[in-house]
Structure formats: structure tokens, C-alpha cells
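Enquirer: What follows is my_file-v5.pdb; its format and atoms are PDB, C-alpha atoms.
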MODEL        1
ATOM      1  CA  ASP A   1       0.000   0.000   0.000
ATOM      2  CA  ALA A   2       1.258   3.483  -0.792
ATOM      3  CA  GLY A   3       2.214   5.644   2.119
ATOM      4  CA  VAL A   4       1.133   9.209   2.754
ATOM      5  CA  ILE A   5       1.632  11.285  -0.359
ATOM      6  CA  GLN A   6       2.413  14.979  -0.291
ATOM      7  CA  SER A   7       2.860  17.485  -3.070
ATOM      8  CA  PRO A   8       4.764  19.465  -3.994
ATOM      9  CA  ARG A   9       7.999  18.283  -2.372
ATOM     10  CA  HIS A  10       9.515  21.721  -2.704
ATOM     11  CA  GLU A  11       7.868  25.083  -3.112
ATOM     12  CA  VAL A  12       9.563  28.435  -3.543
ATOM     13  CA  THR A  13       7.360  31.478  -3.659
ATOM     14  CA  GLU A  14       7.448  35.184  -3.070
ATOM     15  CA  MET A  15       5.980  36.983  -0.118
ATOM     16  CA  GLY A  16       2.319  37.735  -0.598
ATOM     17  CA  GLN A  17       1.603  34.806  -2.889
ATOM     18  CA  GLU A  18      -0.884  32.061  -2.140
ATOM     19  CA  VAL A  19       0.546  28.626  -1.395
ATOM     20  CA  THR A  20      -1.389  25.351  -1.407
ATOM     21  CA  LEU A  21       0.058  22.149   0.003
ATOM     22  CA  ARG A  22      -1.603  18.821  -0.722
ATOM     23  CA  CYS A  23      -1.863  15.518   1.090
ATOM     24  CA  LYS A  24      -3.283  12.088   0.347
ATOM     25  CA  PRO A  25      -3.511   9.930   3.494
ATOM     26  CA  ILE A  26      -3.120   6.176   3.644
ATOM     27  CA  SER A  27      -6.302   4.511   2.425
ATOM     28  CA  GLY A  28      -8.587   3.595   5.325
ATOM     29  CA  HIS A  29      -7.013   5.975   7.823
ATOM     30  CA  ASP A  30      -9.573   8.254   9.427
ATOM     31  CA  TYR A  31      -7.243  10.691  11.169
ATOM     32  CA  LEU A  32      -5.172  13.248   9.292
ATOM     33  CA  PHE A  33      -2.668  15.627  10.841
ATOM     34  CA  TRP A  34      -0.718  18.629   9.567
ATOM     35  CA  TYR A  35       2.568  19.460  11.312
ATOM     36  CA  ARG A  36       5.159  22.166  10.730
ATOM     37  CA  GLN A  37       8.875  21.788  11.419
ATOM     38  CA  THR A  38      11.210  24.748  11.954
ATOM     39  CA  MET A  39      14.575  25.072  13.620
ATOM     40  CA  MET A  40      13.225  27.483  16.192
ATOM     41  CA  ARG A  41      10.012  25.711  17.186
ATOM     42  CA  GLY A  42      10.686  22.094  16.230
ATOM     43  CA  LEU A  43       7.729  19.944  15.195
ATOM     44  CA  GLU A  44       4.372  21.426  16.040
ATOM     45  CA  LEU A  45       0.813  20.403  15.276
ATOM     46  CA  LEU A  46      -1.169  22.792  13.127
ATOM     47  CA  ILE A  47      -4.520  21.017  12.749
ATOM     48  CA  TYR A  48      -6.023  17.563  12.640
ATOM     49  CA  PHE A  49      -9.112  15.970  11.130
ATOM     50  CA  ASN A  50     -11.174  12.946  12.075
ATOM     51  CA  ASN A  51     -13.448  11.535   9.387
ATOM     52  CA  ASN A  52     -12.841  14.678   7.304
ATOM     53  CA  VAL A  53     -13.993  16.988  10.105
ATOM     54  CA  PRO A  54     -11.519  19.469  11.639
ATOM     55  CA  ILE A  55     -11.224  18.635  15.323
ATOM     56  CA  ASP A  56      -8.497  20.912  16.640
ATOM     57  CA  ASP A  57      -7.080  23.893  14.751
ATOM     58  CA  SER A  58      -5.615  25.657  17.760
ATOM     59  CA  GLY A  59      -2.138  25.257  16.321
ATOM     60  CA  MET A  60      -2.898  27.195  13.162
ATOM     61  CA  PRO A  61      -0.735  30.313  13.470
ATOM     62  CA  GLU A  62      -3.222  32.879  12.207
ATOM     63  CA  ASP A  63      -6.006  33.538   9.762
ATOM     64  CA  ARG A  64      -3.628  33.372   6.837
ATOM     65  CA  PHE A  65      -3.600  29.600   7.303
ATOM     66  CA  SER A  66      -6.529  27.400   6.365
ATOM     67  CA  ALA A  67      -6.977  23.664   5.906
ATOM     68  CA  LYS A  68      -9.660  21.555   4.303
ATOM     69  CA  MET A  69     -10.447  17.893   3.871
ATOM     70  CA  PRO A  70     -13.177  17.593   1.253
ATOM     71  CA  ASN A  71     -13.048  13.791   1.251
ATOM     72  CA  ALA A  72     -11.285  10.880   2.926
ATOM     73  CA  SER A  73      -8.450  10.816   0.439
ATOM     74  CA  PHE A  74      -7.439  14.437   0.115
ATOM     75  CA  SER A  75      -6.510  17.418   2.256
ATOM     76  CA  THR A  76      -5.063  20.845   1.570
ATOM     77  CA  LEU A  77      -3.223  23.403   3.661
ATOM     78  CA  LYS A  78      -3.373  26.897   2.241
ATOM     79  CA  ILE A  79      -1.391  29.985   3.193
ATOM     80  CA  GLN A  80      -2.660  33.297   1.867
ATOM     81  CA  PRO A  81      -0.811  35.611   1.828
ATOM     82  CA  SER A  82       2.492  33.884   2.508
ATOM     83  CA  GLU A  83       5.270  35.515   4.546
ATOM     84  CA  PRO A  84       8.978  34.692   4.921
ATOM     85  CA  ARG A  85       8.381  33.408   8.475
ATOM     86  CA  ASP A  86       6.170  30.682   7.012
ATOM     87  CA  SER A  87       9.274  29.036   5.548
ATOM     88  CA  ALA A  88       9.400  25.533   7.023
ATOM     89  CA  VAL A  89       8.875  21.870   6.272
ATOM     90  CA  TYR A  90       5.197  20.931   6.384
ATOM     91  CA  PHE A  91       4.310  17.322   7.127
ATOM     92  CA  CYS A  92       1.067  15.482   6.695
ATOM     93  CA  ALA A  93       0.459  12.306   8.710
ATOM     94  CA  SER A  94      -2.390   9.837   8.979
ATOM     95  CA  SER A  95      -3.492   7.152  11.421
ATOM     96  CA  LEU A  96      -6.335   4.842  12.387
ATOM     97  CA  GLY A  97      -6.763   6.504  15.767
ATOM     98  CA  LEU A  98      -6.851   4.764  19.099
ATOM     99  CA  ALA A  99      -9.212   1.971  18.110
ATOM    100  CA  GLY A 100      -7.207   0.891  15.112
ATOM    101  CA  GLY A 101      -3.751   1.770  16.309
ATOM    102  CA  PRO A 102      -2.630   5.342  17.006
ATOM    103  CA  THR A 103       0.683   5.192  15.179
ATOM    104  CA  GLN A 104       0.986   8.080  12.758
ATOM    105  CA  TYR A 105       2.607   7.589   9.390
ATOM    106  CA  PHE A 106       4.201  10.624   7.831
ATOM    107  CA  GLY A 107       4.469  11.846   4.294
ATOM    108  CA  PRO A 108       7.808  13.015   2.894
ATOM    109  CA  GLY A 109       7.053  16.640   3.719
ATOM    110  CA  THR A 110       6.905  19.820   1.668
ATOM    111  CA  ARG A 111       9.799  22.228   2.062
ATOM    112  CA  LEU A 112       8.364  25.720   1.683
ATOM    113  CA  THR A 113      10.571  28.736   1.085
ATOM    114  CA  VAL A 114       8.985  32.175   1.043
ATOM    115  CA  LEU A 115      11.270  34.884  -0.311
TER     116      LEU A 115
ATOM    117  CA  ALA B   1      -0.066  20.409  28.574
ATOM    118  CA  GLN B   2       2.324  17.541  28.233
ATOM    119  CA  THR B   3       5.985  18.340  27.711
ATOM    120  CA  VAL B   4       8.640  16.114  26.230
ATOM    121  CA  THR B   5      12.296  16.755  26.998
ATOM    122  CA  GLN B   6      15.302  15.388  25.174
ATOM    123  CA  SER B   7      18.337  16.609  27.067
ATOM    124  CA  GLN B   8      20.981  15.495  24.574
ATOM    125  CA  PRO B   9      21.064  17.758  21.505
ATOM    126  CA  GLU B  10      23.878  15.755  19.892
ATOM    127  CA  MET B  11      25.441  12.351  20.372
ATOM    128  CA  SER B  12      28.070  10.315  18.608
ATOM    129  CA  VAL B  13      28.742   6.583  18.585
ATOM    130  CA  GLN B  14      31.089   4.287  16.751
ATOM    131  CA  GLU B  15      29.802   1.698  14.362
ATOM    132  CA  ALA B  16      28.832  -1.592  16.082
ATOM    133  CA  GLU B  17      28.654   0.078  19.497
ATOM    134  CA  THR B  18      25.572   0.691  21.634
ATOM    135  CA  VAL B  19      24.088   4.100  22.336
ATOM    136  CA  THR B  20      21.202   5.269  24.520
ATOM    137  CA  LEU B  21      19.123   8.363  23.832
ATOM    138  CA  SER B  22      17.240   9.934  26.724
ATOM    139  CA  CYS B  23      13.687  11.239  26.892
ATOM    140  CA  THR B  24      11.559  12.403  29.784
ATOM    141  CA  TYR B  25       7.987  13.618  29.725
ATOM    142  CA  ASP B  26       5.514  15.254  31.993
ATOM    143  CA  THR B  27       1.882  14.195  32.214
ATOM    144  CA  SER B  28      -0.823  13.632  34.758
ATOM    145  CA  GLU B  29      -2.524  11.045  32.571
ATOM    146  CA  ASN B  30      -2.312   7.321  33.144
ATOM    147  CA  ASN B  31      -3.037   6.081  29.643
ATOM    148  CA  TYR B  32      -0.828   7.259  26.817
ATOM    149  CA  TYR B  33       1.553   6.217  24.085
ATOM    150  CA  LEU B  34       5.202   7.009  23.550
ATOM    151  CA  PHE B  35       7.098   6.902  20.290
ATOM    152  CA  TRP B  36      10.551   7.282  18.859
ATOM    153  CA  TYR B  37      10.774   8.607  15.318
ATOM    154  CA  LYS B  38      13.886   8.808  13.177
ATOM    155  CA  GLN B  39      14.496  11.613  10.683
ATOM    156  CA  PRO B  40      17.468  10.978   8.372
ATOM    157  CA  PRO B  41      18.858  13.697   6.102
ATOM    158  CA  SER B  42      16.129  12.860   3.595
ATOM    159  CA  ARG B  43      13.808  14.446   6.251
ATOM    160  CA  GLN B  44      11.351  11.545   6.100
ATOM    161  CA  MET B  45       9.847  10.845   9.538
ATOM    162  CA  ILE B  46      10.171   7.107  10.196
ATOM    163  CA  LEU B  47       8.635   5.278  13.130
ATOM    164  CA  VAL B  48      11.276   3.428  15.126
ATOM    165  CA  ILE B  49       9.332   2.042  18.052
ATOM    166  CA  ARG B  50       6.115   2.468  20.062
ATOM    167  CA  GLN B  51       5.304   1.842  23.706
ATOM    168  CA  GLU B  52       1.869   1.696  25.312
ATOM    169  CA  ALA B  53       1.891   3.026  28.875
ATOM    170  CA  TYR B  54      -0.308   0.189  30.145
ATOM    171  CA  LYS B  55       2.259  -2.390  29.072
ATOM    172  CA  GLN B  56       4.980  -3.148  31.576
ATOM    173  CA  GLN B  57       7.145  -4.961  29.071
ATOM    174  CA  ASN B  58       9.594  -2.764  27.219
ATOM    175  CA  ALA B  59       9.103  -2.638  23.456
ATOM    176  CA  THR B  60      11.786  -3.990  21.143
ATOM    177  CA  GLU B  61      12.247  -3.837  17.379
ATOM    178  CA  ASN B  62      15.327  -5.671  16.174
ATOM    179  CA  ARG B  63      18.332  -3.547  17.248
ATOM    180  CA  PHE B  64      16.111  -0.929  18.879
ATOM    181  CA  SER B  65      14.727  -1.239  22.384
ATOM    182  CA  VAL B  66      13.324   1.089  25.006
ATOM    183  CA  ASN B  67      13.656   1.433  28.746
ATOM    184  CA  PHE B  68      10.247   2.629  29.881
ATOM    185  CA  GLN B  69      10.107   3.799  33.489
ATOM    186  CA  LYS B  70       6.532   4.964  34.038
ATOM    187  CA  ALA B  71       6.964   6.219  37.583
ATOM    188  CA  ALA B  72      10.024   8.222  36.604
ATOM    189  CA  LYS B  73       8.349   9.341  33.347
ATOM    190  CA  SER B  74      11.383   8.255  31.403
ATOM    191  CA  PHE B  75      11.508   6.651  27.955
ATOM    192  CA  SER B  76      15.013   6.041  26.636
ATOM    193  CA  LEU B  77      15.951   4.444  23.321
ATOM    194  CA  LYS B  78      18.800   1.982  23.061
ATOM    195  CA  ILE B  79      20.361   1.273  19.692
ATOM    196  CA  SER B  80      22.532  -1.836  19.628
ATOM    197  CA  ASP B  81      25.138  -2.679  16.999
ATOM    198  CA  SER B  82      24.936   0.853  15.591
ATOM    199  CA  GLN B  83      25.112   1.165  11.829
ATOM    200  CA  LEU B  84      26.075   4.095   9.619
ATOM    201  CA  GLY B  85      22.475   4.241   8.413
ATOM    202  CA  ASP B  86      21.346   5.032  11.952
ATOM    203  CA  THR B  87      22.769   8.535  11.555
ATOM    204  CA  ALA B  88      19.730  10.805  11.921
ATOM    205  CA  MET B  89      17.719  13.054  14.185
ATOM    206  CA  TYR B  90      15.721  11.082  16.720
ATOM    207  CA  PHE B  91      12.520  12.480  18.143
ATOM    208  CA  CYS B  92      10.704  11.283  21.217
ATOM    209  CA  ALA B  93       6.939  11.882  21.121
ATOM    210  CA  PHE B  94       3.960  11.591  23.460
ATOM    211  CA  MET B  95       0.322  10.974  22.622
ATOM    212  CA  ASN B  96      -2.879  10.419  24.545
ATOM    213  CA  GLU B  97      -6.604  10.705  24.106
ATOM    214  CA  ASN B  98      -6.763  14.164  25.649
ATOM    215  CA  SER B  99      -4.370  15.481  23.036
ATOM    216  CA  GLY B 100      -6.639  14.059  20.370
ATOM    217  CA  TYR B 101      -3.975  11.579  19.397
ATOM    218  CA  ALA B 102      -1.781  14.388  18.101
ATOM    219  CA  LEU B 103       1.913  13.892  18.714
ATOM    220  CA  ASN B 104       3.776  16.140  21.115
ATOM    221  CA  PHE B 105       7.447  16.048  20.125
ATOM    222  CA  GLY B 106      10.687  16.692  21.935
ATOM    223  CA  LYS B 107      13.346  18.894  20.346
ATOM    224  CA  GLY B 108      15.281  15.913  19.044
ATOM    225  CA  THR B 109      18.729  14.346  19.414
ATOM    226  CA  SER B 110      21.130  14.378  16.496
ATOM    227  CA  LEU B 111      22.942  11.033  16.367
ATOM    228  CA  LEU B 112      26.112  10.555  14.342
ATOM    229  CA  VAL B 113      27.426   7.045  13.762
ATOM    230  CA  THR B 114      31.110   7.047  12.835
ATOM    231  CA  PRO B 115      33.128   4.295  11.140
TER     232      PRO B 115
ENDMDL
END
Would you mind giving the structure from this file in C-alpha cells?

Expert:
Amino acid sequence: DAGVIQSPRHEVTEMGQEVTLRCKPISGHDYLFWYRQTMMRGLELLIYFNNNVPIDDSGMPEDRFSAKMPNASFSTLKIQPSEPRDSAVYFCASSLGLAGGPTQYFGPGTRLTVL
Amino acid sequence: AQTVTQSQPEMSVQEAETVTLSCTYDTSENNYYLFWYKQPPSRQMILVIRQEAYKQQNATENRFSVNFQKAAKSFSLKISDSQLGDTAMYFCAFMNENSGYALNFGKGTSLLVTP
């Protein structure tokens, strides 16, 4: 079975532009997580979904960030407008949750650079 | 909020030797999960090992084993017969139902395996 798929792998954009990151979770997983990794703050949770419904978005930095999960096999994280401080690696992860096994499996990440 | 502390920012070990990475955590919960993830230079987050708090037996996965001390809130990772491919960042992470199964990561330990 394919793992978590993320696209693009690398994104370079200019300040003020809109950025959309994409994620396809492992088939059958009903939890999806977005994390951000920076040198200063380490790995931090941005938002997670259960059965396509956002459960906790308290980690989303500000209104410039938004995430959606229109169906069980696709999620997006959008930044509009982007700023240089948004430069980071963004990871998507999926799991079956406690009942099925809480281990999270990560995608390869998207390295975002905002100039 | 639960905190995860990795007190060793960097460690080095010679090939074929054994190394132990430390992790402590703070929680008032009784049921939770602990994980070690490996992040090689490719930046992929790879699960190394998982421990359920209700299990007294320490988890093992081939050359990787943990020393789980629940009362002391300690969760160290032992790597036996270290290999060059073990060179990576290692992250300790905590999860429980109250956190919505989101992972709370430590800052990481950079491990270098030398010939």
C-alpha cells in the first residue's frame, strides 16, 4: 500500500503569494494531521481531522492559514498571503486513531521557502 | 499540557557500538503512548518504536529497544550494533486521548554514527 503522499515536495514562492500544500492519506485511515517543522520551534501540530472533520485547529498560526479535507483521500493546507516566516517543512500524517492503532505515518514533507 | 524533553542535543557513537538516547515527559494522565521517530537527512519521519503506557514490558524492534520507566516518566531508546544508516535526528513523542492523538514532540537528538 502506498504511504502518505504529499505534493509538492519543494515550493519556492514570493511573499504575498498564495501557497497550497496537498496531502493524500493512507487509504482507510480516518485521522489526518498537519505538522510544521522549523529550527526554532521544532515539530508542532497545526490542525487535525477525524473523518474529514476538523477537530483541533488551535495550532494554526493565524487567519492566513486554512486547511480543508473535502473527502477521505485528500486534504489541503493553504497559506494566503504567505510571509517569509512561514518558511518551514510541512508534514502530513495519517493514522487509524486509538481503536485501530494510534501510530501516525508521515508523508515526505513539503519544504516551503517564502522569499 | 504535556511536555517532552530530550536533554541530549547531539550524540556520537562508533559503528557496532551501543548508544542510549534519553527522553523524559511530563503528564498527569495514566493512559498514553510514547514513540521514537527517526528523521534521516532525507527528512522523512520514520517510526522506530512504540510503547503503550499500560504495558509493563519494554518494546523492542530488532536492534532498537526502550527502557520505559513509568513512575520516573522516562523513555530512553537503546540502539545496539549501531550502523552508519542510523545517523539521523531522533525524536521522542507523546500521545494520549486528551491530546486528540496528536503527537507532542521533543526537540530531538542528532545522532552521528562514525566508522

Enquirer: I'd like the residues picked by the PyMOL selection byres ((chain A and resi 56-61) around 7) written out as a list in words, using the chain letters and numbers from the file.

Expert: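 Here the PyMOL selection byres ((chain A and resi 56-61) around 7) matches Leu45, Leu46, Ile47, Tyr48, Pro54, Ile55, Glu62 and Phe65 of chain A.
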
Enquirer: Could you write those residues out with C-alpha atoms, as a compact mmCIF listing (two decimals), keeping the file's coordinate frame?

Expert:
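Ended up saving to out01.txt:
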# COMPACT_ATOMS: atom_id res chain seq x y z
CA LEU A 45 0.81 20.40 15.28
CA LEU A 46 -1.17 22.79 13.13
CA ILE A 47 -4.52 21.02 12.75
CA TYR A 48 -6.02 17.56 12.64
CA PRO A 54 -11.52 19.47 11.64
CA ILE A 55 -11.22 18.64 15.32
CA GLU A 62 -3.22 32.88 12.21
CA PHE A 65 -3.60 29.60 7.30

Enquirer: Kindly provide, as a CSV table (one decimal) with C-alpha atoms, in the frame of the given file, the residues of chain B having any atom no farther than 6 Å from an atom of chain A, counting only C-alpha atoms.

Expert:
chain,number,residue,atom,x,y,z
B,44,GLN,CA,11.4,11.5,6.1
B,45,MET,CA,9.8,10.8,9.5
B,107,LYS,CA,13.3,18.9,20.3

Enquirer: Using the chain letters and numbers from this file, what does the PyMOL selection byres ((chain B and resi 87-93) around 10) select? Give the answer as a PyMOL selection string.

Expert: (chain A and resi 42-43) or (chain B and resi 3-6+9-13+21-25+33-43+45-50+75-77+82-86+94-95+102-114)

Enquirer: Please compute the CA of Ser74 (chain B)-CA of Glu15 (chain B) distance, one decimal, in Å.

Expert: 25.9 Å

Enquirer: Extract, using only C-alpha atoms, all DNA, RNA and protein residues at most 6 Å from region 17-30 of chain A, discarding same-chain residues fewer than 6 positions from it, and format them as a PyMOL selection string.

Expert: chain A and resi 3-7+50-51+73-82+94-96

Enquirer: From the options A:Glu83, A:Ala72, A:Gly101, A:Asp63, which residue's atoms come nearest to Met15 (chain A), counting all atoms listed in the file?

Expert: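 Using all atoms listed in the file, the shortest distance to Met15 (chain A) belongs to A:Glu83.
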
Enquirer: Please, what distance in Å, to one decimal, runs between CA of Lys55 (chain B) and CA of Asp81 (chain B)?

Expert: 25.9 Å

Enquirer: If the box runs along x, y and z of the file and leaves 6 Å on each side of region 1-18 of chain A, what are its centre and edge lengths in Å, one decimal, as JSON?

Expert:
{"center_x": 4.3, "center_y": 18.9, "center_z": -0.6, "size_x": 22.4, "size_y": 49.7, "size_z": 18.7}

Enquirer: Any chance you could work out the residue set of the PyMOL selection byres ((chain B and resi 54) around 9) here, as a list in words?

Expert: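 Written out, the selection comes to Asn30, Asn31, Tyr32, Tyr33, Gln51, Glu52, Ala53, Lys55 and Gln56 of chain B.
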
Enquirer: Mind pulling up the distance from CA of Phe64 (chain B) to CA of Asn98 (chain B)?

Expert: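 Taking CA of Asn98 (chain B) and CA of Phe64 (chain B), their separation equals 28.2 Å.
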
Enquirer: Taking all atoms listed in the file into account, name the residue in A:Val12, A:Val53, A:Ala99, A:Leu115 that is nearest to Pro84 (chain A).

Expert: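 So, comparing all the options, the nearest one is A:Leu115.
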
Enquirer: Between B:Ala72, B:Val66, B:Asp26, B:Gly100, which has the minimum distance to Gln2 (chain B) (counting all atoms listed in the file)?

Expert: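 Looking only at the distances to Gln2 (chain B), the closest residue turns out to be B:Asp26.
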
Enquirer: Mind rebuilding region 32-62 of chain A with N, CA and C atoms and writing that out as a short mmCIF file (atom, residue, chain, number, x, y, z; two decimals), keeping the file's coordinate frame?

Expert:
data_model
loop_
_atom_site.label_atom_id
_atom_site.label_comp_id
_atom_site.auth_asym_id
_atom_site.auth_seq_id
_atom_site.Cartn_x
_atom_site.Cartn_y
_atom_site.Cartn_z
N LEU A 32 -6.19 12.58 10.10
CA LEU A 32 -5.17 13.25 9.29
C LEU A 32 -4.65 14.46 10.07
N PHE A 33 -3.34 14.59 10.06
CA PHE A 33 -2.67 15.63 10.84
C PHE A 33 -1.77 16.46 9.93
N TRP A 34 -1.70 17.74 10.21
CA TRP A 34 -0.72 18.63 9.57
C TRP A 34 0.22 19.14 10.65
N TYR A 35 1.53 18.96 10.41
CA TYR A 35 2.57 19.46 11.31
C TYR A 35 3.49 20.40 10.54
N ARG A 36 4.16 21.27 11.31
CA ARG A 36 5.16 22.17 10.73
C ARG A 36 6.46 21.99 11.50
N GLN A 37 7.56 21.95 10.78
CA GLN A 37 8.88 21.79 11.42
C GLN A 37 9.77 22.98 11.08
N THR A 38 10.25 23.66 12.11
CA THR A 38 11.21 24.75 11.95
C THR A 38 12.33 24.54 12.95
N MET A 39 13.44 25.18 12.70
CA MET A 39 14.58 25.07 13.62
C MET A 39 14.22 25.67 14.97
N MET A 40 13.50 26.78 14.94
CA MET A 40 13.22 27.48 16.19
C MET A 40 12.18 26.76 17.05
N ARG A 41 11.15 26.23 16.43
CA ARG A 41 10.01 25.71 17.19
C ARG A 41 9.89 24.19 17.14
N GLY A 42 10.76 23.55 16.34
CA GLY A 42 10.69 22.09 16.23
C GLY A 42 9.44 21.66 15.47
N LEU A 43 8.93 20.50 15.84
CA LEU A 43 7.73 19.94 15.20
C LEU A 43 6.50 20.34 16.00
N GLU A 44 5.56 20.98 15.35
CA GLU A 44 4.37 21.43 16.04
C GLU A 44 3.13 21.11 15.21
N LEU A 45 2.07 20.73 15.92
CA LEU A 45 0.81 20.40 15.28
C LEU A 45 0.10 21.68 14.84
N LEU A 46 -0.39 21.66 13.61
CA LEU A 46 -1.17 22.79 13.13
C LEU A 46 -2.66 22.51 13.27
N ILE A 47 -3.10 21.36 12.76
CA ILE A 47 -4.52 21.02 12.75
C ILE A 47 -4.64 19.52 12.53
N TYR A 48 -5.77 18.94 13.02
CA TYR A 48 -6.02 17.56 12.64
C TYR A 48 -7.50 17.34 12.37
N PHE A 49 -7.78 16.34 11.56
CA PHE A 49 -9.11 15.97 11.13
C PHE A 49 -9.41 14.54 11.58
N ASN A 50 -10.67 14.30 11.85
CA ASN A 50 -11.17 12.95 12.08
C ASN A 50 -12.39 12.77 11.18
N ASN A 51 -12.35 11.75 10.34
CA ASN A 51 -13.45 11.54 9.39
C ASN A 51 -13.79 12.81 8.62
N ASN A 52 -12.75 13.49 8.16
CA ASN A 52 -12.84 14.68 7.30
C ASN A 52 -13.28 15.93 8.05
N VAL A 53 -13.52 15.84 9.33
CA VAL A 53 -13.99 16.99 10.10
C VAL A 53 -12.82 17.57 10.91
N PRO A 54 -12.60 18.89 10.83
CA PRO A 54 -11.52 19.47 11.64
C PRO A 54 -11.86 19.40 13.12
N ILE A 55 -10.97 18.84 13.90
CA ILE A 55 -11.22 18.64 15.32
C ILE A 55 -10.51 19.69 16.18
N ASP A 56 -9.28 19.97 15.84
CA ASP A 56 -8.50 20.91 16.64
C ASP A 56 -7.62 21.72 15.70
N ASP A 57 -7.91 23.01 15.60
CA ASP A 57 -7.08 23.89 14.75
C ASP A 57 -6.37 24.95 15.60
N SER A 58 -6.23 24.67 16.86
CA SER A 58 -5.62 25.66 17.76
C SER A 58 -4.15 25.93 17.44
N GLY A 59 -3.53 25.05 16.69
CA GLY A 59 -2.14 25.26 16.32
C GLY A 59 -1.94 26.07 15.06
N MET A 60 -3.01 26.38 14.38
CA MET A 60 -2.90 27.20 13.16
C MET A 60 -2.45 28.59 13.57
N PRO A 61 -1.36 29.07 12.98
CA PRO A 61 -0.74 30.31 13.47
C PRO A 61 -1.65 31.53 13.42
N GLU A 62 -2.38 31.68 12.36
CA GLU A 62 -3.22 32.88 12.21
C GLU A 62 -4.16 32.67 11.03
#
